[in-house]
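Printed here is structure_17.tsv (TSV, C-alpha atoms and all ligand atoms):
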chain	number	residue	atom	x	y	z
A	1	MET	CA	50.04	-20.57	30.46
A	2	GLY	CA	53.25	-19.85	32.25
A	3	ARG	CA	53.88	-17.36	34.97
A	4	PRO	CA	55.15	-13.91	34.20
A	5	ASP	CA	58.81	-13.35	34.59
A	6	PHE	CA	58.81	-10.46	37.00
A	7	GLN	CA	61.95	-9.51	38.78
A	8	GLY	CA	62.06	-7.37	41.83
A	9	ARG	CA	59.78	-4.59	42.94
A	10	SER	CA	60.89	-1.43	44.62
A	11	ASN	CA	59.31	-2.50	47.87
A	12	GLY	CA	61.49	-5.52	48.04
A	13	GLY	CA	58.82	-7.89	46.86
A	14	GLY	CA	60.46	-9.94	44.17
A	15	PHE	CA	58.54	-12.15	41.83
A	16	ARG	CA	60.50	-14.98	40.37
A	17	GLY	CA	58.70	-17.33	38.08
A	18	PRO	CA	58.44	-19.97	37.13
A	19	SER	CA	58.52	-22.37	39.98
A	20	ARG	CA	55.75	-23.94	42.01
A	21	GLY	CA	52.78	-21.74	42.66
A	22	GLY	CA	52.18	-19.70	45.70
A	23	VAL	CA	53.03	-16.71	47.73
A	24	GLN	CA	55.92	-17.44	49.98
A	25	GLY	CA	55.12	-15.10	52.76
A	26	ALA	CA	57.97	-13.01	53.92
A	27	ARG	CA	58.29	-9.49	55.10
A	28	GLY	CA	58.52	-7.33	52.05
A	29	GLY	CA	56.22	-9.55	50.07
A	30	GLY	CA	58.35	-12.13	48.35
A	31	PHE	CA	56.45	-13.96	45.67
A	32	ARG	CA	57.58	-16.92	43.71
A	33	GLY	CA	55.20	-17.76	40.98
A	34	GLY	CA	54.77	-21.07	39.34
A	35	SER	CA	52.52	-23.52	37.72
A	36	PRO	CA	48.77	-23.40	37.67
A	37	ARG	CA	48.72	-25.95	40.46
A	38	GLY	CA	47.41	-24.43	43.62
A	39	GLY	CA	48.40	-21.14	45.18
A	40	PHE	CA	48.21	-18.06	43.06
A	41	GLY	CA	49.70	-19.74	40.04
A	42	GLY	CA	48.55	-19.82	36.52
A	43	GLY	CA	46.61	-18.02	33.97
A	44	ARG	CA	48.34	-14.66	33.70
A	45	GLY	CA	49.98	-13.25	30.68
A	46	ASP	CA	53.48	-11.99	30.54
A	47	PHE	CA	53.87	-8.72	32.35
A	48	GLY	CA	57.47	-8.21	31.38
A	49	GLY	CA	58.64	-5.03	33.02
A	50	SER	CA	59.05	-4.18	36.65
A	51	ARG	CA	57.27	-0.93	37.10
A	52	GLY	CA	55.67	-2.27	40.20
A	53	GLY	CA	56.05	-1.17	43.71
A	54	ARG	CA	55.39	1.77	45.84
A	55	GLY	CA	54.56	5.16	44.62
A	56	ASP	CA	54.96	8.72	45.42
A	57	PHE	CA	53.19	9.62	48.59
A	58	GLY	CA	55.06	7.90	51.34
A	59	GLY	CA	54.41	4.62	53.06
A	60	SER	CA	56.79	1.76	53.14
A	61	ARG	CA	56.35	-1.94	53.55
A	62	GLY	CA	54.92	-4.43	51.20
A	63	GLY	CA	53.38	-7.81	50.95
A	64	PHE	CA	52.87	-10.02	53.91
A	65	SER	CA	53.92	-8.60	57.19
A	66	PRO	CA	51.88	-9.98	59.98
A	67	ARG	CA	51.17	-7.52	62.74
A	68	GLY	CA	53.61	-7.92	65.55
A	69	GLY	CA	55.96	-10.02	63.48
A	70	SER	CA	55.88	-13.76	63.66
A	71	ARG	CA	54.07	-14.18	66.90
A	72	GLY	CA	51.93	-17.12	67.69
A	73	GLY	CA	49.46	-17.76	64.97
A	74	TYR	CA	46.86	-20.47	65.00
A	75	LEU	CA	46.98	-23.97	63.67
A	76	ALA	CA	44.49	-24.50	60.91
A	77	SER	CA	43.33	-27.16	58.51
A	78	TRP	CA	42.94	-26.45	54.82
A	79	CYS	CA	39.56	-26.94	53.35
A	80	ARG	CA	39.18	-28.25	49.89
A	81	GLY	CA	38.61	-26.52	46.67
A	82	GLY	CA	38.44	-23.44	44.69
A	83	PHE	CA	41.61	-21.48	44.79
A	84	ARG	CA	43.59	-22.12	41.69
A	85	GLY	CA	44.93	-18.70	40.92
A	86	GLY	CA	44.60	-16.57	37.87
A	87	PRO	CA	41.73	-14.29	37.14
A	88	ARG	CA	38.48	-15.46	35.74
A	89	GLY	CA	35.90	-13.49	33.92
A	90	ARG	CA	32.84	-12.10	35.55
A	91	GLY	CA	30.01	-14.43	36.27
A	92	SER	CA	28.33	-16.13	39.12
A	93	PRO	CA	30.22	-16.48	42.30
A	94	ARG	CA	30.80	-20.15	42.85
A	95	GLY	CA	31.09	-22.27	45.90
A	96	GLY	CA	28.59	-22.24	48.69
A	97	ARG	CA	27.86	-24.96	51.17
A	98	GLY	CA	29.09	-28.30	49.95
A	99	GLY	CA	30.40	-26.68	46.75
A	100	ALA	CA	33.91	-26.10	45.61
A	101	GLY	CA	34.95	-24.83	49.01
A	102	GLY	CA	33.61	-27.74	51.05
A	103	MET	CA	35.45	-28.93	54.13
A	104	ARG	CA	38.08	-31.55	54.13
A	105	GLY	CA	40.55	-31.37	56.98
A	106	GLY	CA	44.10	-32.20	56.27
A	107	LYS	CA	47.35	-30.35	56.08
A	108	ARG	CA	47.95	-28.15	59.08
A	109	VAL	CA	48.97	-24.55	58.56
A	110	ILE	CA	49.45	-21.47	60.70
A	111	VAL	CA	47.21	-18.40	60.50
A	112	GLU	CA	48.59	-15.05	61.69
A	113	PRO	CA	47.05	-11.58	61.83
A	114	HIS	CA	48.26	-9.32	59.03
A	115	ARG	CA	49.24	-5.75	59.83
A	116	TYR	CA	45.95	-4.75	58.13
A	117	GLU	CA	43.22	-5.17	60.72
A	118	GLY	CA	40.71	-7.78	59.64
A	119	VAL	CA	43.17	-9.48	57.29
A	120	PHE	CA	45.17	-12.63	58.02
A	121	VAL	CA	48.03	-14.60	56.55
A	122	VAL	CA	47.59	-18.32	56.11
A	123	LYS	CA	51.14	-19.53	56.36
A	124	GLY	CA	52.54	-22.65	54.84
A	125	LYS	CA	54.21	-23.70	51.68
A	126	GLU	CA	51.95	-21.23	49.95
A	127	ASP	CA	51.22	-18.24	52.16
A	128	ALA	CA	48.03	-16.44	51.33
A	129	LEU	CA	45.91	-13.50	52.40
A	130	ALA	CA	42.63	-14.40	54.08
A	131	THR	CA	39.68	-12.90	55.91
A	132	ILE	CA	37.49	-14.42	58.61
A	133	ASN	CA	34.46	-15.93	56.92
A	134	MET	CA	31.32	-14.19	58.10
A	135	VAL	CA	29.25	-17.05	56.68
A	136	THR	CA	30.95	-20.15	58.00
A	137	GLY	CA	30.89	-23.15	55.70
A	138	GLU	CA	30.34	-21.16	52.53
A	139	SER	CA	32.60	-19.91	49.79
A	140	VAL	CA	31.52	-16.95	47.65
A	141	TYR	CA	33.44	-17.49	44.41
A	142	GLY	CA	34.97	-20.92	44.89
A	143	GLU	CA	37.79	-19.67	47.11
A	144	LYS	CA	39.56	-22.01	49.48
A	145	ARG	CA	38.63	-22.00	53.14
A	146	VAL	CA	40.76	-22.76	56.16
A	147	SER	CA	39.37	-23.78	59.51
A	148	VAL	CA	41.07	-23.11	62.83
A	149	GLU	CA	40.27	-24.86	66.08
A	150	ASN	CA	41.29	-23.02	69.20
A	151	GLU	CA	40.24	-24.19	72.66
A	152	GLY	CA	36.93	-25.57	71.52
A	153	THR	CA	36.00	-22.73	69.16
A	154	SER	CA	36.39	-22.78	65.42
A	155	VAL	CA	37.14	-19.87	63.09
A	156	GLU	CA	36.99	-20.20	59.34
A	157	TYR	CA	39.07	-18.07	56.97
A	158	ARG	CA	38.52	-17.46	53.26
A	159	VAL	CA	41.64	-17.23	51.15
A	160	TRP	CA	41.89	-14.03	49.11
A	161	ASN	CA	43.43	-14.23	45.67
A	162	PRO	CA	45.30	-11.09	44.52
A	163	PHE	CA	44.81	-12.16	40.91
A	164	ARG	CA	41.07	-11.84	41.43
A	165	SER	CA	41.00	-8.66	43.50
A	166	LYS	CA	42.77	-5.35	43.00
A	167	LEU	CA	42.44	-4.57	46.67
A	168	ALA	CA	44.29	-7.77	47.56
A	169	ALA	CA	46.84	-7.02	44.83
A	170	ALA	CA	47.40	-3.56	46.35
A	171	MET	CA	47.95	-5.15	49.76
A	172	MET	CA	50.50	-7.47	48.23
A	173	GLY	CA	52.06	-4.43	46.56
A	174	GLY	CA	52.67	-2.83	49.94
A	175	LEU	CA	49.76	-0.44	50.43
A	176	GLU	CA	50.32	1.13	53.84
A	177	ASN	CA	46.67	1.52	54.80
A	178	THR	CA	43.52	0.20	53.14
A	179	HIS	CA	41.30	2.35	55.38
A	180	ILE	CA	39.06	-0.69	55.66
A	181	LYS	CA	38.95	-2.40	59.04
A	182	PRO	CA	36.43	-3.70	61.57
A	183	GLY	CA	33.63	-1.14	61.93
A	184	THR	CA	34.39	0.79	58.73
A	185	LYS	CA	31.51	2.23	56.75
A	186	LEU	CA	32.56	1.60	53.18
A	187	LEU	CA	31.07	2.73	49.88
A	188	TYR	CA	32.26	0.34	47.19
A	189	LEU	CA	31.84	1.51	43.58
A	190	GLY	CA	32.08	-1.19	40.90
A	191	ALA	CA	31.07	-4.14	43.04
A	192	ALA	CA	30.68	-6.58	40.12
A	193	SER	CA	29.58	-10.02	41.40
A	194	GLY	CA	30.80	-9.32	44.90
A	195	THR	CA	34.16	-11.08	44.93
A	196	THR	CA	36.16	-8.33	46.64
A	197	VAL	CA	33.04	-6.94	48.30
A	198	SER	CA	32.68	-10.24	50.17
A	199	HIS	CA	36.18	-9.90	51.63
A	200	CYS	CA	35.45	-6.28	52.54
A	201	SER	CA	32.33	-7.55	54.28
A	202	ASP	CA	34.49	-9.95	56.29
A	203	MET	CA	36.94	-7.15	57.09
A	204	VAL	CA	34.42	-4.58	58.33
A	205	GLY	CA	32.52	-7.25	60.27
A	206	GLN	CA	29.21	-6.90	62.06
A	207	ASP	CA	29.85	-3.35	63.18
A	208	GLY	CA	30.71	-2.08	59.72
A	209	ILE	CA	28.77	-1.78	56.50
A	210	VAL	CA	29.54	-2.09	52.80
A	211	TYR	CA	27.33	-0.15	50.41
A	212	ALA	CA	28.06	-1.96	47.15
A	213	VAL	CA	27.17	-0.15	43.91
A	214	GLU	CA	27.10	-1.97	40.59
A	215	PHE	CA	25.27	-0.92	37.44
A	216	SER	CA	25.31	-4.18	35.51
A	217	HIS	CA	22.11	-6.09	36.21
A	218	ARG	CA	23.78	-9.37	35.46
A	219	SER	CA	26.55	-8.84	38.01
A	220	GLY	CA	23.99	-7.20	40.27
A	221	ARG	CA	22.05	-10.48	40.49
A	222	ASP	CA	25.13	-12.26	41.82
A	223	LEU	CA	25.81	-9.37	44.15
A	224	LEU	CA	22.28	-9.61	45.56
A	225	ASN	CA	22.83	-13.31	46.26
A	226	VAL	CA	26.06	-12.56	48.12
A	227	ALA	CA	24.31	-9.83	50.12
A	228	LYS	CA	21.42	-12.15	51.10
A	229	LYS	CA	23.77	-14.03	53.39
A	230	ARG	CA	25.80	-11.06	54.56
A	231	PRO	CA	23.73	-8.53	56.47
A	232	ASN	CA	26.48	-5.92	56.37
A	233	ILE	CA	26.30	-5.58	52.56
A	234	VAL	CA	23.77	-3.17	51.08
A	235	PRO	CA	23.60	-4.03	47.37
A	236	ILE	CA	22.73	-1.11	45.09
A	237	VAL	CA	22.19	-1.82	41.41
A	238	GLU	CA	22.59	1.71	40.08
A	239	ASP	CA	24.95	3.86	38.05
A	240	ALA	CA	27.59	5.36	40.34
A	241	ARG	CA	27.47	8.50	38.17
A	242	HIS	CA	24.12	9.30	39.75
A	243	PRO	CA	24.59	9.14	43.51
A	244	HIS	CA	21.31	11.00	44.09
A	245	LYS	CA	19.54	7.80	42.96
A	246	TYR	CA	20.83	5.95	46.00
A	247	ARG	CA	21.21	8.76	48.50
A	248	MET	CA	18.30	7.36	50.54
A	249	LEU	CA	20.20	4.09	51.03
A	250	VAL	CA	23.67	5.33	51.88
A	251	GLY	CA	24.84	7.05	55.03
A	252	MET	CA	28.05	9.01	55.51
A	253	VAL	CA	31.04	6.73	55.00
A	254	ASP	CA	34.63	6.54	56.20
A	255	THR	CA	36.04	5.19	52.96
A	256	ILE	CA	35.18	4.91	49.28
A	257	PHE	CA	36.74	2.08	47.32
A	258	ALA	CA	36.36	2.52	43.56
A	259	ASP	CA	37.02	-0.02	40.84
A	260	VAL	CA	34.68	1.01	38.03
A	261	ALA	CA	37.31	0.98	35.27
A	262	GLN	CA	35.79	4.00	33.54
A	263	PRO	CA	37.50	6.98	31.89
A	264	ASP	CA	35.62	9.36	34.18
A	265	GLN	CA	36.39	7.40	37.34
A	266	ALA	CA	37.91	10.38	39.18
A	267	ARG	CA	34.73	12.37	38.55
A	268	ILE	CA	32.59	9.43	39.72
A	269	VAL	CA	34.61	9.17	42.92
A	270	ALA	CA	34.37	12.93	43.50
A	271	LEU	CA	30.58	12.96	42.98
A	272	ASN	CA	30.18	10.20	45.53
A	273	ALA	CA	32.63	11.79	47.93
A	274	HIS	CA	30.78	15.10	47.85
A	275	ASN	CA	27.61	13.22	48.77
A	276	PHE	CA	28.78	10.56	51.21
A	277	LEU	CA	32.43	10.79	52.31
A	278	LYS	CA	33.11	12.34	55.67
A	279	ASN	CA	35.79	15.01	55.99
A	280	GLY	CA	39.10	13.31	56.58
A	281	GLY	CA	37.78	10.10	55.01
A	282	HIS	CA	39.65	8.30	52.26
A	283	ALA	CA	39.17	7.20	48.69
A	284	VAL	CA	41.02	4.08	47.60
A	285	ILE	CA	40.91	3.99	43.83
A	286	SER	CA	41.99	1.30	41.44
A	287	ILE	CA	43.10	2.91	38.18
A	288	LYS	CA	43.38	0.93	34.97
A	289	ALA	CA	45.58	3.11	32.79
A	290	ASN	CA	44.30	2.04	29.42
A	291	CYS	CA	40.68	2.63	30.43
A	292	ILE	CA	41.57	6.29	30.77
A	293	ASP	CA	44.07	6.79	27.97
A	294	SER	CA	45.43	3.82	26.06
A	295	THR	CA	47.96	5.97	24.22
A	296	ALA	CA	49.70	7.53	27.24
A	297	GLN	CA	52.30	6.02	29.55
A	298	PRO	CA	50.58	4.47	32.58
A	299	GLU	CA	52.58	6.68	34.97
A	300	ALA	CA	51.34	9.77	33.16
A	301	VAL	CA	47.77	8.51	33.40
A	302	PHE	CA	48.12	7.83	37.13
A	303	ALA	CA	49.58	11.32	37.66
A	304	GLY	CA	46.71	12.83	35.67
A	305	GLU	CA	44.15	11.03	37.83
A	306	VAL	CA	45.87	12.21	40.98
A	307	ASN	CA	45.70	15.78	39.68
A	308	LYS	CA	41.97	15.40	39.02
A	309	LEU	CA	41.51	14.21	42.60
A	310	LYS	CA	43.46	17.22	43.93
A	311	GLU	CA	41.02	19.48	42.11
A	312	GLU	CA	38.20	17.75	43.99
A	313	LYS	CA	39.52	18.42	47.51
A	314	PHE	CA	41.52	15.22	47.82
A	315	LYS	CA	45.07	15.01	49.13
A	316	PRO	CA	47.02	12.09	47.66
A	317	ARG	CA	48.48	9.90	50.38
A	318	GLU	CA	49.90	6.84	48.67
A	319	GLN	CA	50.12	4.96	45.41
A	320	VAL	CA	51.10	1.39	44.51
A	321	THR	CA	51.14	-0.38	41.19
A	322	LEU	CA	49.60	-3.82	40.94
A	323	GLU	CA	52.22	-5.85	39.08
A	324	PRO	CA	52.54	-8.76	38.88
A	325	TYR	CA	48.83	-9.28	39.46
A	326	GLU	CA	47.50	-6.63	37.07
A	327	ARG	CA	49.33	-4.88	34.29
A	328	ASP	CA	49.32	-1.06	34.11
A	329	HIS	CA	47.08	-0.64	37.12
A	330	ALA	CA	47.66	1.45	40.22
A	331	VAL	CA	45.81	1.92	43.46
A	332	VAL	CA	45.82	5.48	44.73
A	333	VAL	CA	44.75	6.49	48.22
A	334	ALA	CA	43.67	10.07	48.82
A	335	GLU	CA	42.27	11.87	51.84
A	336	TYR	CA	39.16	13.97	51.45
A	337	ARG	CA	39.06	17.49	52.85
A	338	ALA	CA	42.06	16.75	55.04
A	339	LYS	CA	42.30	19.18	57.92
A	340	GLY	CA	45.37	20.39	59.69
A	341	LYS	CA	47.66	17.77	58.19
A	342	LYS	CA	50.35	18.07	55.62
B	401	LIG	C1	36.76	-4.20	37.22
B	401	LIG	S1	35.13	-4.60	37.59
B	401	LIG	C2	35.06	-4.61	39.34
B	401	LIG	C3	35.59	-5.85	40.00
B	401	LIG	C4	35.31	-5.86	41.47
B	401	LIG	N1	35.74	-4.61	42.08
B	401	LIG	C5	35.97	-7.00	42.21
B	401	LIG	O1	37.13	-6.86	42.62
B	401	LIG	O2	35.34	-8.04	42.42
B	401	LIG	C6	34.33	-3.06	37.25
B	401	LIG	C7	32.86	-3.10	37.57
B	401	LIG	O3	32.39	-1.77	37.61
B	401	LIG	C8	31.10	-1.75	37.08
B	401	LIG	N2	30.82	-0.37	36.66
B	401	LIG	C9	31.40	0.32	35.65
B	401	LIG	N3	30.89	1.56	35.57
B	401	LIG	C10	29.99	1.67	36.57
B	401	LIG	C11	29.13	2.72	37.00
B	401	LIG	N4	29.11	3.91	36.40
B	401	LIG	N5	28.32	2.48	38.06
B	401	LIG	C12	28.33	1.29	38.69
B	401	LIG	N6	29.11	0.25	38.31
B	401	LIG	C13	29.94	0.45	37.27
B	401	LIG	C14	31.16	-2.74	35.93
B	401	LIG	O4	29.86	-3.20	35.56
B	401	LIG	C15	32.04	-3.83	36.52
B	401	LIG	O5	31.25	-4.82	37.15
Would it be possible to restate this file's structure as structure tokens?
Amino acid sequence: MGRPDFQGRSNGGGFRGPSRGGVQGARGGGFRGGSPRGGFGGGRGDFGGSRGGRGDFGGSRGGFSPRGGSRGGYLASWCRGGFRGGPRGRGSPRGGRGGAGGMRGGKRVIVEPHRYEGVFVVKGKEDALATINMVTGESVYGEKRVSVENEGTSVEYRVWNPFRSKLAAAMMGGLENTHIKPGTKLLYLGAASGTTVSHCSDMVGQDGIVYAVEFSHRSGRDLLNVAKKRPNIVPIVEDARHPHKYRMLVGMVDTIFADVAQPDQARIVALNAHNFLKNGGHAVISIKANCIDSTAQPEAVFAGEVNKLKEEKFKPREQVTLEPYERDHAVVVAEYRAKGKK
């Protein structure tokens, strides 16, 4: 399947298919799509329009912009396997030691810190988002790994595919602040098999924690397997509509990330916020318009969800749409019980 023909986002992040796959890292998030070979190529339908880009509540930049500009970086070697772009259905995370993400040195690339703490850019012909692998030598869902040698120590990064993760897609879309960084206490609603949760686990690191809620037992099994190797993930196989069922497991959190794709998502987020989100904390919510109202314009649906959040003591802070990675999706960030700020 060919790449979508997506021209220009309001944040300056153009998408011009088809050419060879990959994200060509540049400030402002340039993206040139391409074939299913490597990079982020392949598998998506035709998105057509260009509603993408930044939304209503401020913020600015998009895509890849390493913190501090193009300083230094580290030389890395690509590891084999896994990352062939395009979304796949749910199911077992793949990879693991010796699996699809096994080591094989080779082409040298540069890794730079992204402006999001805990996130990196693997530079090269195909720039990509990545996180430091908390479980060296293992992939979670078949993603590519990159190893960096620096003065006798080695750091391994896991490449993060925005076609497989709405959080990564929002970063590519120019989200100003994910509110997830080293040390963050994160409540993640709609964890599925743990694909994005695993990158959040890398981001928050040893000093942070990810409470990962998923109500499907099938996905929950995969999630439990991911959590076995990552001590900072607390897997919770429960319905996020009933936070009292897991209140004994969850402490107060800095951030809630929600990706439950349910019509009552705003209510679910609010219920969890009232139980677990600290004042001044943030909700980062992925909204799939047609899950809420398939007859309305996506923008109207997003606005409606923002209004619901306002009624629940949230102040909207930013909004990005997820084209070209997801059609008719937005990520909204809102602050809970904000004090003394406009
Ligand atoms: C779009 S998928 C999430 C994908 C995941 N966030 C990722 O990036 O890897 C939505 C998930 O939310 C789960 N879900 C839906 N409603 C839920 C609820 N009320 N409580 C817990 N999980 C729910 C679904 O079972 C599904 O796995």
Enumerate as a ChimeraX atom specification the residues within 10 Å of ligand LIG 401 (chain B), counting all atoms listed in the file. /A:89-91,93,141,162-169,188-199,212-220,223,236-243,257-265,268,286-288
Region 130-133 of chain A surroundings by only C-alpha atoms, 8 Å radius, close-in-sequence under 6 positions cut, as a list in words: Gly118, Val119, Phe120, Val121, Val122, Val155, Glu156, Tyr157, Arg158, Val159, Trp160, His199, Asp202 and Met203 of chain A
For the contact check between region 255-274 of chain A and region 300-317 of chain A, emit one row per residue of region 255-274 of chain A within 9 Å, containing the shortest atom pair and the distance in Å rounded to one decimal, counting all atoms listed in the file, chain then rising number order, as JSON lines.
{"residue": "A:Gln265", "atom": "CA", "partner": "A:Glu305", "partner_atom": "CA", "distance": 8.6}
{"residue": "A:Ala266", "atom": "CA", "partner": "A:Leu309", "partner_atom": "CA", "distance": 6.3}
{"residue": "A:Arg267", "atom": "CA", "partner": "A:Lys308", "partner_atom": "CA", "distance": 7.9}
{"residue": "A:Val269", "atom": "CA", "partner": "A:Leu309", "partner_atom": "CA", "distance": 8.6}
{"residue": "A:Ala270", "atom": "CA", "partner": "A:Glu312", "partner_atom": "CA", "distance": 6.2}
{"residue": "A:His274", "atom": "CA", "partner": "A:Glu312", "partner_atom": "CA", "distance": 8.8}
Any chance you could export the current selection's C-alpha atoms as a short mmCIF file (atom, residue, chain, number, x, y, z; two decimals), keeping the file's coordinate frame?
data_model
loop_
_atom_site.label_atom_id
_atom_site.label_comp_id
_atom_site.auth_asym_id
_atom_site.auth_seq_id
_atom_site.Cartn_x
_atom_site.Cartn_y
_atom_site.Cartn_z
CA GLN A 265 36.39 7.40 37.34
CA ALA A 266 37.91 10.38 39.18
CA ARG A 267 34.73 12.37 38.55
CA VAL A 269 34.61 9.17 42.92
CA ALA A 270 34.37 12.93 43.50
CA HIS A 274 30.78 15.10 47.85
#
Hey, what's within 10 Å of Asn177 (chain A) if we count all atoms listed in the file and toss same-chain stuff fewer than 3 positions away? As a ChimeraX atom specification, please? /A:59,115-117,170-171,174,180-181,284,317-318,333
One-decimal distance in Å that lies between CA of Arg327 (chain A) and CA of His114 (chain A): 25.2 Å
Considering all atoms listed in the file, can you say which of A:Leu271, A:Ala289, A:Met134, A:Ala296 comes closest to Ile233 (chain A)? A:Met134
What gap, in Å, lies between CA of Val109 (chain A) and CA of Lys125 (chain A)? 8.7 Å
Using all atoms listed in the file for the distances, tell me which of A:Asp254, A:Asp293, A:Glu151, A:Glu112 is nearest to Thr184 (chain A).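 That would be A:Asp254, the residue with the smallest distance to Thr184 (chain A).
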Using Å and a single decimal, report how far CA of Leu277 (chain A) sits from CA of Val332 (chain A).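 Here the two named atoms are 16.3 Å from each other.
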Within 8 Å of (33.7, 4.0, 58.7), in the coordinates the file gives, what residues turn up when you count all atoms listed in the file, written out as a PyMOL selection string? chain A and resi 180+183-186+208-209+253-255
Using all atoms listed in the file, give me every residue within 12 Å of (16.2, -3.9, 52.7) in file coordinates, as a PyMOL selection string. chain A and resi 211+224+227-228+231-236+248-250
A:Asn161, A:Thr153, A:Ile285, A:Ala338 ranked by distance to Glu126 (chain A), top pick (using all atoms listed in the file):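 Looking at the shortest contact to Glu126 (chain A), the residue is A:Asn161.
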Show me that you can extract region 156-186 of chain A, keeping C-alpha atoms, and write it as a PDB file, in the first residue's frame.
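Output (decode-v9.pdb):
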ATOM      1  CA  GLU A 156      20.762   0.976  23.928  1.00  0.00           C
ATOM      2  CA  TYR A 157      17.837   2.898  22.424  1.00  0.00           C
ATOM      3  CA  ARG A 158      14.510   1.528  21.200  1.00  0.00           C
ATOM      4  CA  VAL A 159      13.078   3.189  18.120  1.00  0.00           C
ATOM      5  CA  TRP A 160       9.546   4.513  18.594  1.00  0.00           C
ATOM      6  CA  ASN A 161       7.168   4.292  15.661  1.00  0.00           C
ATOM      7  CA  PRO A 162       4.542   7.078  15.465  1.00  0.00           C
ATOM      8  CA  PHE A 163       2.346   4.815  13.363  1.00  0.00           C
ATOM      9  CA  ARG A 164       2.117   2.461  16.322  1.00  0.00           C
ATOM     10  CA  SER A 165       1.762   5.001  19.116  1.00  0.00           C
ATOM     11  CA  LYS A 166      -0.473   8.045  19.410  1.00  0.00           C
ATOM     12  CA  LEU A 167       1.870   9.570  21.948  1.00  0.00           C
ATOM     13  CA  ALA A 168       4.748   9.364  19.463  1.00  0.00           C
ATOM     14  CA  ALA A 169       2.449  10.697  16.730  1.00  0.00           C
ATOM     15  CA  ALA A 170       1.564  13.661  18.962  1.00  0.00           C
ATOM     16  CA  MET A 171       5.256  14.349  19.521  1.00  0.00           C
ATOM     17  CA  MET A 172       5.791  14.311  15.779  1.00  0.00           C
ATOM     18  CA  GLY A 173       2.790  16.631  15.471  1.00  0.00           C
ATOM     19  CA  GLY A 174       4.503  19.211  17.651  1.00  0.00           C
ATOM     20  CA  LEU A 175       3.080  18.660  21.127  1.00  0.00           C
ATOM     21  CA  GLU A 176       4.827  21.195  23.343  1.00  0.00           C
ATOM     22  CA  ASN A 177       4.921  19.102  26.504  1.00  0.00           C
ATOM     23  CA  THR A 178       4.089  15.447  27.072  1.00  0.00           C
ATOM     24  CA  HIS A 179       4.243  15.880  30.864  1.00  0.00           C
ATOM     25  CA  ILE A 180       6.085  12.568  30.914  1.00  0.00           C
ATOM     26  CA  LYS A 181       9.759  12.697  31.838  1.00  0.00           C
ATOM     27  CA  PRO A 182      12.239  10.995  34.160  1.00  0.00           C
ATOM     28  CA  GLY A 183      10.628  10.579  37.579  1.00  0.00           C
ATOM     29  CA  THR A 184       7.029  11.125  36.434  1.00  0.00           C
ATOM     30  CA  LYS A 185       4.272   9.152  38.109  1.00  0.00           C
ATOM     31  CA  LEU A 186       1.997   8.280  35.224  1.00  0.00           C
TER      32      LEU A 186
END
